[in-house]
$ cat start.txt   # compact mmCIF, C-alpha atoms
# COMPACT_ATOMS: atom_id res chain seq x y z
CA MET A 1 -39.31 61.86 -19.57
CA ARG A 2 -38.01 64.23 -22.25
CA GLU A 3 -36.17 61.59 -24.25
CA GLN A 4 -39.56 60.00 -24.97
CA GLU A 5 -40.57 63.21 -26.77
CA LEU A 6 -37.82 62.83 -29.37
CA ILE A 7 -39.22 62.61 -32.90
CA VAL A 8 -36.34 62.03 -35.30
CA TYR A 9 -33.42 61.09 -33.05
CA ARG A 10 -34.34 57.72 -31.55
CA GLU A 11 -32.97 54.20 -31.12
CA PHE A 12 -29.48 55.17 -30.02
CA GLU A 13 -26.58 52.78 -29.74
CA ASP A 14 -25.35 53.01 -26.12
CA GLY A 15 -28.70 54.68 -25.40
CA ASP A 16 -29.23 53.05 -22.01
CA LEU A 17 -26.80 55.52 -20.48
CA LEU A 18 -28.88 58.41 -21.81
CA TYR A 19 -32.05 57.02 -20.28
CA ASP A 20 -30.37 56.50 -16.90
CA MET A 21 -28.98 60.02 -16.90
CA VAL A 22 -32.30 61.60 -17.86
CA TRP A 23 -34.01 59.63 -15.09
CA LEU A 24 -31.51 61.01 -12.58
CA MET A 25 -32.04 64.54 -13.87
CA GLU A 26 -35.75 64.25 -13.27
CA HIS A 27 -35.80 62.23 -10.02
CA TYR A 28 -32.64 63.00 -8.04
CA GLN A 29 -34.68 65.24 -5.71
CA ASP A 30 -37.64 62.86 -5.55
CA GLU A 31 -37.91 61.53 -1.97
CA TYR A 32 -39.94 58.56 -3.15
CA TYR A 33 -36.74 56.85 -4.38
CA ASN A 34 -33.96 55.59 -2.13
CA GLU A 35 -30.99 57.98 -1.91
CA GLU A 36 -28.45 55.14 -1.99
CA ASP A 37 -30.03 53.66 -5.13
CA LYS A 38 -29.90 57.02 -6.91
CA ALA A 39 -26.28 57.53 -5.88
CA ALA A 40 -25.42 54.00 -7.05
CA LEU A 41 -27.01 54.74 -10.42
CA MET A 42 -24.98 57.93 -10.75
CA TYR A 43 -21.76 56.05 -9.99
CA ASP A 44 -22.75 53.48 -12.61
CA CYS A 45 -23.17 56.30 -15.14
CA ILE A 46 -19.72 57.65 -14.25
CA HIS A 47 -18.30 54.17 -14.82
CA LYS A 48 -19.98 53.89 -18.24
CA LEU A 49 -18.76 57.31 -19.35
CA ILE A 50 -15.17 56.49 -18.41
CA GLU A 51 -15.40 53.12 -20.17
CA LEU A 52 -16.69 54.88 -23.29
CA ALA A 53 -13.80 57.34 -23.04
CA GLY A 54 -11.40 54.40 -23.02
CA SER A 55 -13.00 52.89 -26.12
CA TYR A 56 -13.62 56.07 -28.09
CA GLY A 57 -10.66 58.16 -26.94
CA PHE A 58 -12.85 61.00 -25.63
CA HIS A 59 -11.57 63.69 -23.29
CA GLY A 60 -12.82 66.87 -21.67
CA ASN A 61 -16.47 66.79 -20.60
CA LEU A 62 -17.39 63.16 -21.19
CA TRP A 63 -21.12 63.80 -20.84
CA HIS A 64 -20.94 66.36 -23.63
CA CYS A 65 -18.80 64.04 -25.78
CA TYR A 66 -21.29 61.23 -25.23
CA LEU A 67 -24.21 63.40 -26.36
CA ALA A 68 -22.26 64.61 -29.41
CA ASN A 69 -21.42 61.02 -30.29
CA LEU A 70 -25.09 60.02 -30.12
CA LEU A 71 -25.99 62.81 -32.53
CA VAL A 72 -23.25 62.09 -35.10
CA ASN A 73 -24.04 58.36 -35.14
CA ASN A 74 -27.83 58.46 -35.33
CA GLU A 75 -28.89 57.66 -38.90
CA ASN A 76 -32.31 59.20 -39.47
CA SER A 77 -34.19 61.08 -42.21
CA TYR A 78 -32.59 64.40 -41.24
CA SER A 79 -28.97 63.32 -40.66
CA CYS A 80 -28.89 61.09 -43.76
CA GLY A 81 -30.37 63.91 -45.82
CA CYS A 82 -27.63 66.28 -44.66
CA GLU A 83 -24.68 63.90 -45.07
CA ILE A 84 -22.20 65.21 -47.64
CA ARG A 85 -24.82 67.64 -49.05
CA GLY A 86 -25.40 69.88 -46.02
CA THR A 87 -28.57 71.87 -45.37
CA ILE A 88 -31.82 70.39 -46.68
CA GLU A 89 -35.29 71.85 -47.04
CA GLY A 90 -38.67 70.76 -45.72
CA SER A 91 -40.60 70.19 -42.51
CA ILE A 92 -38.01 67.68 -41.34
CA ASN A 93 -36.03 70.71 -40.15
CA LEU A 94 -38.75 71.54 -37.61
CA ALA A 95 -38.73 67.98 -36.25
CA ALA A 96 -34.93 68.00 -36.05
CA LEU A 97 -34.92 71.38 -34.31
CA HIS A 98 -37.41 70.07 -31.74
CA ASP A 99 -35.08 67.16 -30.94
CA ILE A 100 -31.95 69.30 -30.84
CA GLY A 101 -33.76 71.55 -28.35
CA ILE A 102 -34.21 68.55 -26.06
CA PHE A 103 -30.54 67.61 -26.47
CA LYS A 104 -29.56 71.17 -25.60
CA GLU A 105 -31.42 70.79 -22.31
CA PHE A 106 -29.40 67.63 -21.62
CA TYR A 107 -26.25 69.46 -22.67
CA ASP A 108 -26.80 72.52 -20.48
CA PHE A 109 -27.94 70.66 -17.38
CA ASP A 110 -26.23 71.84 -14.18
CA PHE A 111 -25.03 68.78 -12.28
CA ALA A 112 -23.80 70.67 -9.21
CA PRO A 113 -27.11 70.34 -7.27
CA MET A 114 -27.27 66.61 -8.14
CA MET A 115 -23.69 66.04 -6.98
CA GLU A 116 -24.51 67.73 -3.67
CA ALA A 117 -27.90 66.06 -3.18
CA LEU A 118 -26.56 62.56 -3.85
CA ASN A 119 -23.14 63.23 -2.32
CA VAL A 120 -21.35 62.12 -5.50
CA ALA A 121 -18.49 64.58 -5.87
CA GLU A 122 -16.75 62.16 -8.26
CA TRP A 123 -18.95 63.42 -11.10
CA ALA A 124 -16.37 66.19 -11.44
CA ILE A 125 -13.97 63.59 -12.91
CA VAL A 126 -16.06 63.18 -16.07
CA GLU A 127 -16.46 66.93 -16.52
CA THR A 128 -12.71 67.53 -16.98
CA TYR A 129 -11.45 64.12 -18.04
CA GLN A 130 -7.90 63.69 -19.30
CA SER A 131 -7.61 60.66 -21.56
CA SER A 132 -4.67 58.30 -21.74
CA LYS A 133 -2.35 58.31 -24.77
CA GLN A 134 -3.79 55.10 -26.26
CA GLU A 135 -5.60 55.43 -29.55
CA SER A 136 -9.34 55.06 -29.93
CA LYS A 137 -10.54 51.50 -30.48
CA VAL A 138 -13.53 52.79 -32.44
CA TYR A 139 -12.44 55.88 -34.42
CA ASN A 140 -9.30 57.05 -36.12
CA THR A 141 -7.52 59.85 -34.27
CA ARG A 142 -8.85 62.59 -36.55
CA ILE A 143 -12.51 61.64 -36.11
CA CYS A 144 -12.14 61.20 -32.36
CA ALA A 145 -10.63 64.69 -32.08
CA ARG A 146 -13.38 66.14 -34.29
CA ILE A 147 -16.17 64.73 -32.08
CA CYS A 148 -14.48 66.20 -29.00
CA GLU A 149 -14.23 69.53 -30.84
CA LEU A 150 -17.93 69.27 -31.76
CA ALA A 151 -18.77 68.84 -28.09
CA GLU A 152 -16.84 72.04 -27.36
CA GLN A 153 -18.62 73.86 -30.19
CA PHE A 154 -22.01 72.87 -28.79
CA LYS A 155 -20.95 74.50 -25.53
CA GLU A 156 -20.59 77.82 -27.37
CA ASN A 157 -24.01 77.56 -29.06
CA LYS A 158 -26.53 79.76 -27.25
CA THR A 159 -29.69 78.40 -28.90
CA ALA A 160 -31.03 75.15 -30.32
CA GLU A 161 -30.92 76.74 -33.78
CA GLU A 162 -27.18 77.38 -33.46
CA MET A 163 -26.61 73.86 -32.19
CA LYS A 164 -28.55 72.43 -35.13
CA ASP A 165 -26.49 74.51 -37.60
CA THR A 166 -23.25 73.29 -36.01
CA LEU A 167 -24.40 69.69 -36.26
CA THR A 168 -25.50 70.12 -39.88
CA ILE A 169 -22.03 71.42 -40.80
CA PHE A 170 -20.55 68.29 -39.21
CA TYR A 171 -22.87 66.07 -41.27
CA LYS A 172 -21.81 67.84 -44.46
CA GLU A 173 -18.12 67.57 -43.65
CA TYR A 174 -18.01 64.03 -42.25
CA GLY A 175 -21.38 62.38 -42.82
CA VAL A 176 -23.31 60.41 -40.23
CA GLY A 177 -23.04 57.01 -38.60
CA LYS A 178 -20.58 54.31 -39.52
CA TYR A 179 -20.42 55.29 -43.20
CA GLY A 180 -19.65 58.88 -42.32
CA LEU A 181 -17.05 58.26 -39.62
CA HIS A 182 -15.08 55.38 -41.17
CA LYS A 183 -13.17 54.94 -44.42
CA SER A 184 -13.31 51.23 -45.03
CA PHE A 185 -15.59 48.31 -44.28
CA ARG A 186 -16.00 44.55 -44.59
CA ILE A 187 -19.00 42.28 -45.07
CA VAL A 188 -19.97 40.01 -42.18
CA HIS A 189 -22.53 37.22 -42.58
CA ASP A 190 -23.63 35.39 -39.44
CA GLU A 191 -26.84 34.03 -37.95
CA SER A 192 -28.31 37.55 -37.80
CA GLY A 193 -27.80 38.06 -41.54
CA VAL A 194 -25.54 40.23 -43.70
CA ARG A 195 -23.93 43.28 -42.09
CA ILE A 196 -21.39 45.89 -43.15
CA GLU A 197 -18.91 46.60 -40.37
CA PRO A 198 -16.11 49.20 -40.18
CA ILE A 199 -12.44 48.28 -40.48
CA LEU A 200 -10.93 50.26 -37.63
CA ASN A 201 -7.28 50.27 -38.66
CA ILE A 202 -6.44 51.02 -42.29
CA ALA A 203 -2.87 51.66 -43.39
CA HIS A 204 -2.12 55.39 -43.74
CA VAL A 205 -0.71 55.15 -47.26
CA TYR A 206 -1.13 57.80 -49.95
CA MET A 207 -0.41 57.87 -53.66
CA ASP A 208 2.73 59.95 -53.18
CA ASP A 209 4.08 57.17 -50.94
CA LEU A 210 4.10 54.78 -53.90
CA VAL A 211 7.31 55.40 -55.82
CA GLY A 212 7.09 55.01 -59.59
CA TYR A 213 4.12 53.57 -61.53
CA ASP A 214 3.08 57.07 -62.60
CA ILE A 215 0.97 55.96 -65.58
CA PRO A 216 -1.01 53.24 -63.73
CA LYS A 217 -1.56 55.57 -60.78
CA LYS A 218 -2.83 58.36 -63.04
CA LYS A 219 -5.35 56.03 -64.72
CA LEU A 220 -6.64 54.96 -61.31
CA ILE A 221 -6.77 58.53 -60.01
CA ASP A 222 -8.57 59.83 -63.10
CA ASN A 223 -11.26 57.16 -62.88
CA THR A 224 -11.70 57.61 -59.13
CA GLU A 225 -11.90 61.41 -59.33
CA ALA A 226 -14.56 61.15 -62.03
CA PHE A 227 -16.51 58.80 -59.76
CA VAL A 228 -16.41 60.98 -56.64
CA ALA A 229 -17.28 64.05 -58.75
CA GLY A 230 -20.45 62.34 -59.97
CA ARG A 231 -19.25 61.87 -63.55
CA LYS A 232 -19.27 58.63 -65.51
CA ALA A 233 -16.66 56.16 -64.30
CA ASN A 234 -15.78 52.51 -64.86
CA ASN A 235 -15.20 49.42 -62.78
CA CYS A 236 -11.43 48.89 -62.48
CA LEU A 237 -9.23 45.83 -62.63
CA LEU A 238 -5.67 46.32 -61.40
CA PHE A 239 -3.61 43.36 -62.60
CA GLY A 240 0.02 42.47 -62.85
CA ASP A 241 2.98 41.09 -60.94
CA ALA A 242 2.98 40.51 -57.21
CA GLY A 243 4.29 43.27 -54.95
CA THR A 244 3.87 46.08 -57.46
CA GLY A 245 1.50 48.28 -55.43
CA LYS A 246 -1.95 47.22 -56.60
CA SER A 247 -3.46 46.77 -53.13
CA SER A 248 -1.55 49.75 -51.76
CA SER A 249 -3.07 51.93 -54.49
CA ILE A 250 -6.57 50.98 -53.33
CA LYS A 251 -5.68 51.83 -49.73
CA ALA A 252 -4.25 55.12 -50.96
CA ILE A 253 -7.45 56.21 -52.71
CA ALA A 254 -9.44 55.25 -49.59
CA ASN A 255 -7.33 57.74 -47.62
CA GLU A 256 -7.12 60.46 -50.26
CA TYR A 257 -10.80 60.65 -51.23
CA TYR A 258 -12.44 60.04 -47.86
CA ASP A 259 -13.08 63.78 -47.47
CA LYS A 260 -14.94 63.72 -50.80
CA GLY A 261 -17.32 61.02 -49.63
CA LEU A 262 -15.53 57.91 -50.92
CA ARG A 263 -15.85 54.69 -48.91
CA ILE A 264 -14.30 51.25 -49.55
CA ILE A 265 -16.01 47.93 -48.80
CA GLU A 266 -13.74 44.87 -48.92
CA VAL A 267 -15.37 41.67 -50.16
CA TYR A 268 -13.89 38.18 -50.31
CA LYS A 269 -14.62 35.59 -52.98
CA HIS A 270 -16.79 33.42 -50.74
CA GLN A 271 -19.00 36.44 -50.03
CA PHE A 272 -20.05 37.20 -53.60
CA GLN A 273 -23.52 35.79 -52.99
CA ASP A 274 -23.95 38.57 -50.39
CA LEU A 275 -23.18 41.34 -52.88
CA ASN A 276 -26.81 42.12 -53.70
CA ALA A 277 -27.66 42.45 -50.00
CA CYS A 278 -24.61 44.68 -49.52
CA ILE A 279 -25.51 46.95 -52.42
CA SER A 280 -29.10 47.29 -51.21
CA MET A 281 -27.77 48.69 -47.91
CA ILE A 282 -25.67 51.42 -49.54
CA LYS A 283 -27.44 52.38 -52.76
CA ASN A 284 -29.50 55.21 -51.25
CA ARG A 285 -26.72 56.83 -49.24
CA ASN A 286 -24.99 60.05 -50.27
CA TYR A 287 -21.52 58.48 -50.35
CA LYS A 288 -19.60 56.89 -53.20
CA PHE A 289 -18.78 53.25 -52.52
CA ILE A 290 -16.07 51.14 -54.08
CA ILE A 291 -16.55 47.42 -53.54
CA TYR A 292 -12.99 46.13 -53.39
CA MET A 293 -11.85 42.60 -54.17
CA ASP A 294 -8.21 41.85 -53.46
CA ASP A 295 -6.20 39.16 -55.22
CA LEU A 296 -9.16 38.11 -57.33
CA SER A 297 -8.83 34.90 -59.32
CA PHE A 298 -10.79 31.72 -59.91
CA GLU A 299 -9.86 28.14 -60.51
CA GLU A 300 -11.70 26.31 -63.26
CA PHE A 301 -14.01 24.50 -60.81
CA GLU A 302 -15.02 27.67 -58.94
CA ILE A 303 -18.30 29.27 -59.99
CA GLU A 304 -18.43 32.31 -57.67
CA TYR A 305 -17.49 34.49 -60.64
CA LYS A 306 -21.02 34.01 -61.97
CA TYR A 307 -22.40 35.97 -58.97
CA LEU A 308 -19.91 38.72 -59.69
CA LYS A 309 -20.80 38.90 -63.38
CA ALA A 310 -24.47 39.31 -62.58
CA VAL A 311 -23.81 42.09 -60.07
CA ILE A 312 -21.42 44.05 -62.28
CA GLU A 313 -23.59 43.94 -65.35
CA GLY A 314 -26.30 41.61 -66.47
CA GLY A 315 -28.96 41.49 -63.74
CA LEU A 316 -32.36 43.09 -64.13
CA GLU A 317 -31.68 45.69 -61.45
CA LYS A 318 -29.35 48.46 -62.56
CA LYS A 319 -26.19 48.87 -60.51
CA PRO A 320 -26.51 52.05 -58.43
CA ALA A 321 -24.64 55.13 -59.64
CA ASN A 322 -22.86 55.44 -56.28
CA VAL A 323 -21.24 51.98 -56.50
CA LEU A 324 -18.18 50.83 -58.46
CA ILE A 325 -16.19 47.62 -58.27
CA TYR A 326 -12.38 47.64 -58.06
CA ALA A 327 -10.40 44.41 -58.06
CA THR A 328 -6.74 43.46 -57.96
CA SER A 329 -5.32 40.28 -59.45
CA ASN A 330 -2.09 38.71 -60.57
CA ARG A 331 -4.01 37.23 -63.51
CA ARG A 332 -5.09 39.24 -66.53
CA HIS A 333 -8.08 37.02 -67.27
CA LEU A 334 -9.01 36.16 -63.64
CA ILE A 335 -10.27 32.66 -64.44
CA ARG A 336 -7.72 29.91 -65.00
CA GLU A 337 -7.65 28.64 -68.57
CA ASN A 338 -6.26 25.29 -69.67
CA PHE A 339 -4.59 24.34 -72.91
CA SER A 340 -7.61 22.13 -73.46
CA ASP A 341 -9.63 25.31 -73.96
CA LYS A 342 -7.53 25.95 -77.08
CA GLU A 343 -7.54 22.47 -78.50
CA GLU A 344 -9.47 21.78 -81.64
CA ILE A 345 -10.89 18.52 -80.33
CA ARG A 346 -12.54 18.47 -76.90
CA GLN A 347 -15.62 17.11 -75.22
CA ASP A 348 -17.41 20.49 -75.16
CA MET A 349 -19.15 20.91 -78.52
CA HIS A 350 -19.55 24.68 -78.04
CA THR A 351 -15.97 25.54 -77.32
CA SER A 352 -16.09 29.23 -78.17
CA ASP A 353 -19.03 29.71 -75.79
CA THR A 354 -17.01 28.20 -72.95
CA VAL A 355 -14.02 30.44 -73.61
CA GLN A 356 -16.19 33.53 -74.01
CA GLU A 357 -17.90 32.85 -70.70
CA LYS A 358 -14.54 32.87 -68.97
CA LEU A 359 -13.38 36.04 -70.70
CA SER A 360 -16.65 37.93 -70.21
CA LEU A 361 -15.89 38.67 -66.55
CA VAL A 362 -12.84 40.77 -67.44
CA ALA A 363 -14.85 42.56 -70.13
CA ARG A 364 -17.14 43.90 -67.41
CA PHE A 365 -14.25 45.94 -66.00
CA GLY A 366 -14.22 49.05 -68.18
CA VAL A 367 -10.72 50.07 -67.06
CA THR A 368 -7.85 47.60 -66.77
CA ILE A 369 -4.57 48.87 -65.34
CA TYR A 370 -1.31 46.96 -65.59
CA PHE A 371 1.25 47.05 -62.75
CA GLY A 372 4.44 45.40 -63.97
CA SER A 373 7.61 44.51 -62.11
CA PRO A 374 10.24 47.25 -62.29
CA ASN A 375 13.45 46.72 -64.19
CA LYS A 376 16.78 46.98 -62.37
CA LYS A 377 17.07 50.75 -62.86
CA GLU A 378 13.50 51.37 -61.68
CA PHE A 379 14.03 49.11 -58.68
CA GLN A 380 17.12 51.05 -57.67
CA HIS A 381 15.18 54.30 -58.02
CA ILE A 382 12.49 52.95 -55.68
CA VAL A 383 15.13 51.85 -53.15
CA THR A 384 16.92 55.22 -53.13
CA ALA A 385 13.64 57.15 -52.89
CA LEU A 386 12.45 55.03 -49.96
CA ALA A 387 15.85 55.30 -48.27
CA GLU A 388 15.76 59.09 -48.52
CA ARG A 389 12.19 59.21 -47.23
CA HIS A 390 13.04 57.10 -44.19
CA GLY A 391 16.32 58.84 -43.41
CA VAL A 392 18.67 55.97 -44.29
CA THR A 393 22.24 57.35 -44.29
CA MET A 394 24.05 54.45 -45.99
CA GLU A 395 26.22 55.40 -48.97
CA ARG A 396 24.39 55.02 -52.27
CA GLU A 397 26.73 52.41 -53.79
CA LYS A 398 26.61 50.23 -50.69
CA LEU A 399 22.85 50.70 -50.40
CA LEU A 400 22.24 49.54 -53.96
CA ALA A 401 24.68 46.63 -53.62
CA GLU A 402 22.85 45.44 -50.50
CA ALA A 403 19.50 45.96 -52.23
CA ASN A 404 20.61 43.81 -55.18
CA LYS A 405 21.63 40.99 -52.84
CA TRP A 406 18.35 41.34 -50.96
CA GLU A 407 16.10 41.11 -54.00
CA LEU A 408 17.91 38.03 -55.30
CA ALA A 409 17.10 36.22 -52.06
CA HIS A 410 13.68 37.70 -51.36
CA GLY A 411 11.37 37.46 -54.32
CA GLY A 412 12.95 39.51 -57.09
CA LEU A 413 12.38 43.03 -58.35
CA SER A 414 9.26 44.70 -56.96
CA GLY A 415 8.18 47.67 -54.91
CA ARG A 416 7.29 45.36 -52.05
CA THR A 417 10.79 43.86 -52.04
CA ALA A 418 12.26 47.37 -51.99
CA GLN A 419 10.13 48.35 -49.01
CA GLN A 420 11.01 45.13 -47.17
CA PHE A 421 14.69 45.82 -47.77
CA ILE A 422 14.40 49.35 -46.35
CA ASP A 423 12.50 47.97 -43.34
CA TYR A 424 15.34 45.50 -42.83
CA ILE A 425 17.93 48.29 -43.01
CA LEU A 426 15.95 50.41 -40.52
CA GLY A 427 15.67 47.45 -38.16
CA THR A 428 19.43 46.87 -38.07
CA GLU A 429 22.44 49.04 -37.39
CA LEU A 430 23.14 49.28 -41.13
CA GLY A 431 20.84 52.29 -41.56
$ encode --input "start.txt" --output "structure tokens"
Amino acid sequence: MREQELIVYREFEDGDLLYDMVWLMEHYQDEYYNEEDKAALMYDCIHKLIELAGSYGFHGNLWHCYLANLLVNNENSYSCGCEIRGTIEGSINLAALHDIGIFKEFYDFDFAPMMEALNVAEWAIVETYQSSKQESKVYNTRICARICELAEQFKENKTAEEMKDTLTIFYKEYGVGKYGLHKSFRIVHDESGVRIEPILNIAHVYMDDLVGYDIPKKKLIDNTEAFVAGRKANNCLLFGDAGTGKSSSIKAIANEYYDKGLRIIEVYKHQFQDLNACISMIKNRNYKFIIYMDDLSFEEFEIEYKYLKAVIEGGLEKKPANVLIYATSNRRHLIRENFSDKEEIRQDMHTSDTVQEKLSLVARFGVTIYFGSPNKKEFQHIVTALAERHGVTMEREKLLAEANKWELAHGGLSGRTAQQFIDYILGTELG
């Protein structure tokens, strides 16, 4: 069977459907096999294509979308070489062209004789499929639409060379596999080992959505833009008061710099011992990765920070140039300090060493950015800006009076409190 002749593109996720379809292409006229069994297999393939459409959000010709999805997700020496960079040189192009030629045969196959021979007219459903309005469970809306568009572009390609060029452009624009098609990820450690899995729903927040904090935002943007441009950049610690936009700023850069190859991997404190395994999985990819640690802090008895110190700076292996660490914290020094650390008399004979060990973690973040609570005037500016953005029609004086009452009862002055107040107004008849 032709799929066994593939050289570069192998080991597909959801590949069983491909093998079943290729078998039907080659044997649907073979009298040796039972007609009912062949028809049953074709109906099973229709079922799988429709199920995939429900999960991925595909529409149009589902067979074409399925093939396109296999190609954009297959991480191999050709696709990984092309991700973000585009066309590459070398003999790998000949191997890739050979495989794309086989996929073009799958793509251009005429199913009309098979439908007639097996009496399965329902195949027509998957050739002009109209999807429901629900969002993809696997991709964000933009990526899902782009894969469907890619399937349509392949239809216009007359030769395998044209199809390969179209696919290479996709790799350059979006990348390949999970790292190419998703913005953010988390670490999972189970009985099978350490894995990096996509986070399917990330908040669609951008820097312009965060009112105020112009200086902290600029410092974060400058460092991140240097990183994605391949220039020298530093690990970042965003610290300060709760609800001031630290975590939202990280989400914003994930959205704003995705097109430039930036990806975010969220790591929790109990996973720090998996950091080396995580970095080994991403260090040779053509993306820029920020390992993100939210609400980072340590109690005195917790020692996980030692893993983090070694990873950031201090181990024998140099941290890859495509990896930075960003963290947010309400604490400036991350590790809780006691007054006993400052006392002149204590049980620890080497007091300064103990204190320095605790402070050395922060020193490994080259850029520290402070997000402070707004004063009353700044808080009111945030409230009025958010109200205007969301179409709140309440008179300004009444709006600010209600906002002042709200913040007194709901956590004080912060950007988060302002947003919660506007959400409250929008959820009632007051707005």
$ residues_around --input "start.txt" --residues "Val383 in chain A" --least-positions-apart "4" --cutoff "12 Å" --atoms "all atoms listed in the file" --output "PyMOL selection string"
chain A and resi 210-212+374+376-379+387-390+392+394+396-404+406-407+413-423+425
$ atom_distance --input "start.txt" --atom1 "CA of Glu36 in chain A" --atom2 "CA of Gly60 in chain A"
27.7 Å
$ closest_residue --input "start.txt" --among "A:Asn201, A:Gln4, A:Ser184, A:Ser192" --to "Tyr258 in chain A" --atoms "all atoms listed in the file"
A:Ser184
$ atom_distance --input "start.txt" --atom1 "CA of Leu67 in chain A" --atom2 "CA of Ala95 in chain A"
18.2 Å
$ axis_aligned_box --input "start.txt" --around "range 257-271 of chain A" --padding-each-side "5 Å" --output "JSON"
{"center_x": -14.9, "center_y": 48.6, "center_z": -50.2, "size_x": 18.2, "size_y": 40.4, "size_z": 15.5}
$ closest_residue --input "start.txt" --among "A:Val120, A:Ile102, A:Ile7, A:Leu296" --to "Ile46 in chain A" --atoms "all atoms listed in the file"
A:Val120
$ closest_residue --input "start.txt" --among "A:Gly230, A:Gly261, A:Gln380, A:Val194" --to "Ala321 in chain A" --atoms "only C-alpha atoms"
A:Gly230
$ closest_residue --input "start.txt" --among "A:Asn330, A:Asn223, A:Phe289, A:Lys218" --to "Arg263 in chain A" --atoms "all atoms listed in the file"
A:Phe289
$ atom_distance --input "start.txt" --atom1 "CA of Leu238 in chain A" --atom2 "CA of Ile369 in chain A"
4.8 Å
$ residues_around --input "start.txt" --residues "Arg142 in chain A" --least-positions-apart "5" --cutoff "12 Å" --atoms "all atoms listed in the file" --output "NGL selection string"
:A and (56-58 or 135-136 or 147-149 or 174 or 181-183 or 259)
$ residues_around --input "start.txt" --residues "Asn235 in chain A" --least-positions-apart "5" --cutoff "10 Å" --atoms "all atoms listed in the file" --output "list in words"
Asn223, Thr224, Phe227, Ile290, Ile291, Ile312, Val323, Leu324, Ile325, Tyr326, Ala327, Arg364, Phe365, Gly366, Val367 and Thr368 of chain A
$ closest_residue --input "start.txt" --among "A:Leu150, A:Ala277, A:Ala160, A:Val138" --to "Ile196 in chain A" --atoms "all atoms listed in the file"
A:Ala277
$ residues_near_point --input "start.txt" --point "(-17.5, 60.4, -17.3)" --cutoff "6 Å" --atoms "all atoms listed in the file" --output "PDB file with C-alpha atoms, in the coordinates of the input"
ATOM      1  CA  ILE A  46     -19.720  57.650 -14.250  1.00  0.00           C
ATOM      2  CA  LEU A  49     -18.760  57.310 -19.350  1.00  0.00           C
ATOM      3  CA  ILE A  50     -15.170  56.490 -18.410  1.00  0.00           C
ATOM      4  CA  LEU A  62     -17.390  63.160 -21.190  1.00  0.00           C
ATOM      5  CA  VAL A 126     -16.060  63.180 -16.070  1.00  0.00           C
TER       6      VAL A 126
END
$ residues_around --input "start.txt" --residues "Lys155 in chain A" --least-positions-apart "3" --cutoff "10 Å" --atoms "all atoms listed in the file" --output "ChimeraX atom specification"
/A:64,104,107-108,149-152,158,163
$ closest_residue --input "start.txt" --among "A:Lys269, A:Asn234, A:Gly177, A:Ile253" --to "Ala203 in chain A" --atoms "all atoms listed in the file"
A:Ile253
$ residues_around --input "start.txt" --residues "Tyr78 in chain A" --least-positions-apart "3" --cutoff "9 Å" --atoms "only C-alpha atoms" --output "ChimeraX atom specification"
/A:8-9,75,81-83,88,92-93,95-96
$ write_last_selection --input "start.txt" --atoms "C-alpha atoms" --output "PDB file, in the frame of the given file"
ATOM      1  CA  VAL A   8     -36.340  62.030 -35.300  1.00  0.00           C
ATOM      2  CA  TYR A   9     -33.420  61.090 -33.050  1.00  0.00           C
ATOM      3  CA  GLU A  75     -28.890  57.660 -38.900  1.00  0.00           C
ATOM      4  CA  GLY A  81     -30.370  63.910 -45.820  1.00  0.00           C
ATOM      5  CA  CYS A  82     -27.630  66.280 -44.660  1.00  0.00           C
ATOM      6  CA  GLU A  83     -24.680  63.900 -45.070  1.00  0.00           C
ATOM      7  CA  ILE A  88     -31.820  70.390 -46.680  1.00  0.00           C
ATOM      8  CA  ILE A  92     -38.010  67.680 -41.340  1.00  0.00           C
ATOM      9  CA  ASN A  93     -36.030  70.710 -40.150  1.00  0.00           C
ATOM     10  CA  ALA A  95     -38.730  67.980 -36.250  1.00  0.00           C
ATOM     11  CA  ALA A  96     -34.930  68.000 -36.050  1.00  0.00           C
TER      12      ALA A  96
END
$ residues_near_point --input "start.txt" --point "(-29.1, 53.1, -17.5)" --cutoff "12 Å" --atoms "only C-alpha atoms" --output "MDAnalysis selection string"
chainID A and resid 14:24 38 40:49
